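A.B. asks: Input structure: query-v8.csv, which contains CSV, C-alpha atoms.
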```
chain,number,residue,atom,x,y,z
A,1,MET,CA,15.8,0.2,10.3
A,2,GLY,CA,14.8,3.0,12.7
A,3,THR,CA,16.1,4.7,15.8
A,4,THR,CA,14.4,6.1,18.9
A,5,THR,CA,13.5,9.2,16.9
A,6,ARG,CA,12.9,7.7,13.5
A,7,ILE,CA,10.2,5.2,12.8
A,8,PRO,CA,11.4,1.8,11.4
A,9,HIS,CA,10.3,1.4,7.7
A,10,LEU,CA,9.1,-1.9,6.1
A,11,LEU,CA,10.9,-1.9,2.8
A,12,SER,CA,10.5,-5.5,1.6
A,13,ALA,CA,8.9,-8.8,2.5
A,14,GLU,CA,12.3,-10.2,3.6
A,15,GLY,CA,12.6,-7.6,6.3
A,16,PHE,CA,9.2,-8.2,7.8
A,17,PRO,CA,10.2,-10.3,10.9
A,18,GLU,CA,12.8,-7.7,12.0
A,19,TRP,CA,10.5,-4.8,11.2
A,20,LYS,CA,7.6,-6.4,13.1
A,21,TYR,CA,9.8,-6.7,16.2
A,22,ARG,CA,11.2,-3.1,15.9
A,23,ILE,CA,7.9,-1.4,15.1
A,24,GLU,CA,6.3,-3.0,18.1
A,25,LYS,CA,9.1,-1.8,20.4
A,26,TYR,CA,9.1,1.7,18.8
A,27,ILE,CA,5.4,2.2,19.2
A,28,LYS,CA,5.5,1.0,22.8
A,29,MET,CA,8.4,3.3,23.6
A,30,LYS,CA,6.7,6.3,22.0
A,31,ASP,CA,3.1,5.8,23.3
A,32,PHE,CA,1.9,2.5,24.8
A,33,LYS,CA,-1.7,3.6,24.3
A,34,VAL,CA,-1.2,3.6,20.6
A,35,TRP,CA,0.1,0.0,20.8
A,36,ARG,CA,-3.0,-1.0,22.9
A,37,SER,CA,-5.2,0.6,20.2
A,38,ILE,CA,-3.6,-1.5,17.5
A,39,LEU,CA,-4.3,-4.7,19.6
A,40,ARG,CA,-7.7,-3.7,20.7
A,41,GLY,CA,-9.0,-2.4,17.4
A,42,PRO,CA,-11.5,0.4,16.8
A,43,VAL,CA,-13.6,1.6,19.7
A,44,ARG,CA,-17.2,2.4,18.9
A,45,ILE,CA,-18.4,5.6,20.5
A,46,THR,CA,-22.0,4.9,21.7
A,47,THR,CA,-24.7,6.2,23.9
A,48,THR,CA,-27.5,4.4,25.6
A,49,LEU,CA,-31.1,5.7,25.1
A,50,ALA,CA,-33.7,5.8,27.8
A,51,ASN,CA,-35.3,2.6,26.5
A,52,GLY,CA,-31.9,0.8,26.8
A,53,GLN,CA,-31.1,0.9,23.1
A,54,ILE,CA,-27.4,1.5,22.2
A,55,ILE,CA,-26.7,3.7,19.3
A,56,ASP,CA,-23.7,5.5,17.8
A,57,LYS,CA,-23.1,8.8,19.5
A,58,LEU,CA,-23.5,11.9,17.4
A,59,TYR,CA,-20.2,13.6,16.7
A,60,ALA,CA,-21.5,16.9,18.2
A,61,ASP,CA,-22.1,15.0,21.5
A,62,TYR,CA,-18.6,13.6,21.8
A,63,THR,CA,-16.8,14.3,25.1
A,64,ASP,CA,-13.1,15.1,25.5
A,65,GLU,CA,-12.7,11.4,26.4
A,66,ASP,CA,-14.5,10.3,23.3
A,67,PHE,CA,-12.2,12.5,21.1
A,68,GLU,CA,-9.1,11.1,22.9
A,69,LYS,CA,-10.2,7.5,22.0
A,70,VAL,CA,-10.7,8.5,18.3
A,71,GLU,CA,-7.4,10.4,18.2
A,72,GLU,CA,-5.6,7.4,19.7
A,73,GLN,CA,-7.0,5.2,17.0
A,74,GLU,CA,-6.0,7.7,14.3
A,75,ARG,CA,-2.5,7.9,15.7
A,76,ALA,CA,-2.2,4.1,15.7
A,77,LEU,CA,-3.3,3.9,12.0
A,78,ALA,CA,-1.1,6.8,11.0
A,79,THR,CA,2.0,5.3,12.8
A,80,LEU,CA,1.6,2.0,11.0
A,81,THR,CA,0.9,3.6,7.7
A,82,MET,CA,3.9,5.9,7.9
A,83,ALA,CA,6.1,2.9,8.7
A,84,LEU,CA,5.4,1.3,5.3
A,85,SER,CA,7.3,2.1,2.2
A,86,PRO,CA,5.1,3.8,-0.5
A,87,ASP,CA,5.1,0.6,-2.6
A,88,ILE,CA,3.9,-1.5,0.3
A,89,ALA,CA,1.5,1.0,1.7
A,90,GLN,CA,-0.3,1.2,-1.7
A,91,GLY,CA,-1.4,-2.4,-1.3
A,92,PHE,CA,-2.9,-1.8,2.1
A,93,ARG,CA,-4.8,1.5,1.6
A,94,GLU,CA,-8.2,-0.2,2.1
A,95,TYR,CA,-7.6,-0.8,5.8
A,96,THR,CA,-9.2,1.9,8.0
A,97,SER,CA,-8.2,0.7,11.4
A,98,ALA,CA,-4.8,0.0,12.8
A,99,LYS,CA,-5.8,-3.5,14.1
A,100,ALA,CA,-7.1,-4.5,10.6
A,101,LEU,CA,-3.9,-3.1,9.0
A,102,TRP,CA,-1.7,-4.9,11.5
A,103,GLU,CA,-3.5,-8.2,11.0
A,104,ALA,CA,-3.4,-7.9,7.2
A,105,LEU,CA,0.4,-7.2,7.3
A,106,ILE,CA,0.9,-10.3,9.4
A,107,GLU,CA,-1.3,-12.4,7.2
A,108,VAL,CA,0.5,-11.3,4.0
A,109,TYR,CA,4.1,-11.4,5.3
A,110,GLU,CA,4.0,-14.3,7.7
A,111,GLY,CA,1.4,-16.3,5.9
A,112,ASN,CA,-0.8,-19.1,7.0
A,113,GLU,CA,0.3,-22.2,8.9
A,114,ASP,CA,1.4,-24.0,5.7
A,115,MET,CA,3.6,-21.1,4.7
A,116,LYS,CA,5.1,-20.8,8.2
A,117,LYS,CA,5.9,-24.5,8.1
A,118,SER,CA,7.5,-24.2,4.7
A,119,ARG,CA,9.6,-21.3,5.9
A,120,GLN,CA,10.7,-23.3,8.9
A,121,ASP,CA,11.7,-26.2,6.7
A,122,MET,CA,13.7,-23.8,4.4
A,123,LEU,CA,15.5,-22.2,7.4
A,124,ARG,CA,16.3,-25.7,8.9
A,125,GLN,CA,17.8,-26.7,5.5
A,126,LYS,CA,19.7,-23.4,5.3
A,127,PHE,CA,21.1,-24.1,8.8
A,128,ASN,CA,22.1,-27.7,7.9
A,129,MET,CA,23.8,-26.6,4.7
A,130,PHE,CA,25.5,-23.6,6.3
A,131,ASN,CA,29.2,-23.5,5.3
A,132,HIS,CA,32.1,-21.1,4.7
A,133,ILE,CA,32.0,-19.3,1.3
A,134,LEU,CA,35.3,-19.2,-0.5
A,135,GLY,CA,36.8,-15.7,-0.1
A,136,GLU,CA,34.4,-14.7,2.7
A,137,THR,CA,35.9,-13.0,5.7
A,138,LEU,CA,35.3,-14.5,9.2
A,139,GLU,CA,33.3,-11.4,10.2
A,140,ALA,CA,31.0,-11.8,7.2
A,141,GLN,CA,30.5,-15.5,7.9
A,142,LEU,CA,29.7,-14.8,11.6
A,143,GLN,CA,27.2,-12.1,10.5
A,144,ARG,CA,25.6,-14.5,8.1
A,145,PHE,CA,25.4,-17.1,10.8
A,146,THR,CA,23.9,-14.7,13.4
A,147,THR,CA,21.3,-13.5,10.9
A,148,LEU,CA,20.3,-17.1,10.1
A,149,THR,CA,20.0,-18.1,13.8
A,150,THR,CA,18.0,-14.9,14.5
A,151,GLU,CA,15.6,-15.8,11.6
A,152,MET,CA,15.3,-19.3,13.0
A,153,SER,CA,14.5,-18.0,16.5
A,154,SER,CA,11.9,-15.6,15.0
A,155,ALA,CA,10.3,-18.6,13.1
A,156,LYS,CA,10.2,-20.5,16.4
A,157,ILE,CA,12.9,-22.9,15.5
A,158,TYR,CA,15.0,-23.6,18.5
A,159,VAL,CA,18.5,-25.0,18.3
A,160,THR,CA,20.7,-25.7,21.4
A,161,ARG,CA,23.8,-23.6,22.0
A,162,SER,CA,25.8,-26.8,21.5
A,163,GLU,CA,24.3,-27.4,18.1
A,164,MET,CA,25.0,-23.8,17.1
A,165,ASN,CA,28.6,-24.0,18.3
A,166,LYS,CA,29.1,-27.3,16.5
A,167,LYS,CA,27.7,-26.0,13.2
A,168,LEU,CA,29.7,-22.8,13.4
A,169,LEU,CA,33.0,-24.5,14.3
A,170,ASN,CA,32.5,-27.1,11.5
A,171,SER,CA,31.8,-24.4,9.0
A,172,LEU,CA,35.0,-22.4,9.6
A,173,PRO,CA,37.5,-22.4,6.8
A,174,ILE,CA,40.4,-24.8,7.0
A,175,ALA,CA,43.7,-22.9,7.7
A,176,SER,CA,46.3,-23.5,5.1
```
Written as structure tokens, that's how I'd like the structure from this file.
C.D. replies:
Amino acid sequence: MGTTTRIPHLLSAEGFPEWKYRIEKYIKMKDFKVWRSILRGPVRITTTLANGQIIDKLYADYTDEDFEKVEEQERALATLTMALSPDIAQGFREYTSAKALWEALIEVYEGNEDMKKSRQDMLRQKFNMFNHILGETLEAQLQRFTTLTTEMSSAKIYVTRSEMNKKLLNSLPIAS
């Protein structure tokens, strides 16, 4: 899922919430300007004519500062693109700015409000039905529970510590 030297890769839709969290942290750690570029979107390099009209600046007239802005935008797009598996990246090749790509990924993998509500309902039901699986180790059960509560938190479903403790204790296997 990535390290401080390796970019986190989005491999599947199921991994999107964790990938979104990790890629944001990774980009901020590597170069915060790149993250700002993703949020801000493309910067138009312009010049103002004597009559007050604003036009796009000719590439030949770019200053070092203009080139830095363009390079920052390209780094942002490249970083996001390289973080996608080839199968996923293929569906997003049409996006030419990091901001547009970021927003498209969120729309596709997080969905609209109805989809978010449906996901929340599904996670609540999964929490309510959580129980020990015959033959499962305690460590595996705890990992499954932690993953579920993390998913719930990401989906903005908040459960008190007391409710979590009660659910986990009630789901433990009965000693024989």
A.B. asks: Could you state the separation of atom CA of A:Pro42 and atom CA of A:Gly91 in Å, given to one decimal place?
C.D. replies: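 These atoms are spaced 20.9 Å apart.
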A.B. asks: Quick one: pull the distance between atom CA of A:Met152 and atom CA of A:Gln125, Å, one decimal.
C.D. replies: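 Between these atoms lies a distance of 10.8 Å.
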A.B. asks: Between A:Ile174, A:Met82, A:Ile38, A:Ile55, which one has atoms that come closest to A:Leu101, using only C-alpha atoms?
C.D. replies: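 Residue with the minimum atom-to-atom distance to A:Leu101: A:Ile38.
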A.B. asks: If you count all atoms listed in the file, which residues fall within 10 Å of stretch 163-165 of chain A, apart from same-chain ones fewer than 2 positions away, as a PyMOL selection string?
C.D. replies: chain A and resi 127+145-146+149+159-161+167-171
A.B. asks: Can you write out as a Markdown table which residues of stretch 44-142 of chain A fall within 7 Å of stretch 7-16 of chain A, alongside each residue's closest atom pair and its distance in Å to one decimal, counting only C-alpha atoms and ordering rows by chain and ascending residue number?
C.D. replies:
```
| residue | atom | partner | partner_atom | distance |
| --- | --- | --- | --- | --- |
| A:Ala83 | CA | A:His9 | CA | 4.6 |
| A:Leu84 | CA | A:Leu10 | CA | 5.0 |
| A:Ser85 | CA | A:Leu11 | CA | 5.4 |
| A:Tyr109 | CA | A:Ala13 | CA | 6.1 |
```
A.B. asks: Counting all atoms listed in the file, which residue out of A:Ala60, A:Val43, A:Ile88, A:Ala100 sits closest to A:Glu72?
C.D. replies: A:Val43
A.B. asks: Work out how far apart atom CA of A:Gln73 and atom CA of A:Gln53 are and give it in Å to one decimal.
C.D. replies: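 Atom CA of A:Gln53 lies at a distance of 25.2 Å from atom CA of A:Gln73.
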A.B. asks: Give the answer as one residue: which of A:Met122, A:Ala175, A:Ala104, A:Leu134 has the shortest atom-to-atom distance to A:Leu148, using all atoms listed in the file?
C.D. replies: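 Residue with the minimum atom-to-atom distance to A:Leu148: A:Met122.
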A.B. asks: Got a sec: who's within 12 Å of A:Lys30, counting all atoms listed in the file, leaving out chain neighbours fewer than 4 positions off, as a PDB file with C-alpha atoms, in the coordinates of the input?
C.D. replies:
```pdb
ATOM      1  CA  THR A   3      16.100   4.700  15.800  1.00  0.00           C
ATOM      2  CA  THR A   4      14.400   6.100  18.900  1.00  0.00           C
ATOM      3  CA  THR A   5      13.500   9.200  16.900  1.00  0.00           C
ATOM      4  CA  ARG A   6      12.900   7.700  13.500  1.00  0.00           C
ATOM      5  CA  ILE A   7      10.200   5.200  12.800  1.00  0.00           C
ATOM      6  CA  ILE A  23       7.900  -1.400  15.100  1.00  0.00           C
ATOM      7  CA  GLU A  24       6.300  -3.000  18.100  1.00  0.00           C
ATOM      8  CA  LYS A  25       9.100  -1.800  20.400  1.00  0.00           C
ATOM      9  CA  TYR A  26       9.100   1.700  18.800  1.00  0.00           C
ATOM     10  CA  VAL A  34      -1.200   3.600  20.600  1.00  0.00           C
ATOM     11  CA  TRP A  35       0.100   0.000  20.800  1.00  0.00           C
ATOM     12  CA  ARG A  75      -2.500   7.900  15.700  1.00  0.00           C
ATOM     13  CA  ALA A  76      -2.200   4.100  15.700  1.00  0.00           C
ATOM     14  CA  THR A  79       2.000   5.300  12.800  1.00  0.00           C
TER      15      THR A  79
END
```
A.B. asks: Using all atoms listed in the file, pick whichever of A:Ala98, A:Leu142, A:Leu105, A:Ile157 has the shortest atom-to-atom distance to A:Asp121.
C.D. replies: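 Checking each candidate against A:Asp121, we get A:Ile157 as the closest.
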A.B. asks: Quick one: residues within 8 Å of A:Ile45, all atoms listed in the file, excluding same-chain residues fewer than 3 positions away - as a PDB file with C-alpha atoms, in the frame of the given file?
C.D. replies:
```pdb
ATOM      1  CA  ASP A  56     -23.700   5.500  17.800  1.00  0.00           C
ATOM      2  CA  LYS A  57     -23.100   8.800  19.500  1.00  0.00           C
ATOM      3  CA  ASP A  66     -14.500  10.300  23.300  1.00  0.00           C
TER       4      ASP A  66
END
```
A.B. asks: Fewer than 6 positions away in the same chain doesn't count, so skip those; otherwise give me all residues within 10 Å of A:Ile133, counting all atoms listed in the file, as a list in words.
C.D. replies: Ala140, Gln141, Ser171, Leu172 and Pro173 of chain A
A.B. asks: Considering only C-alpha atoms, state which residue in the set A:Glu107, A:Leu49, A:Asp64, A:Thr150 is at the smallest distance from A:Glu18.
C.D. replies: A:Thr150
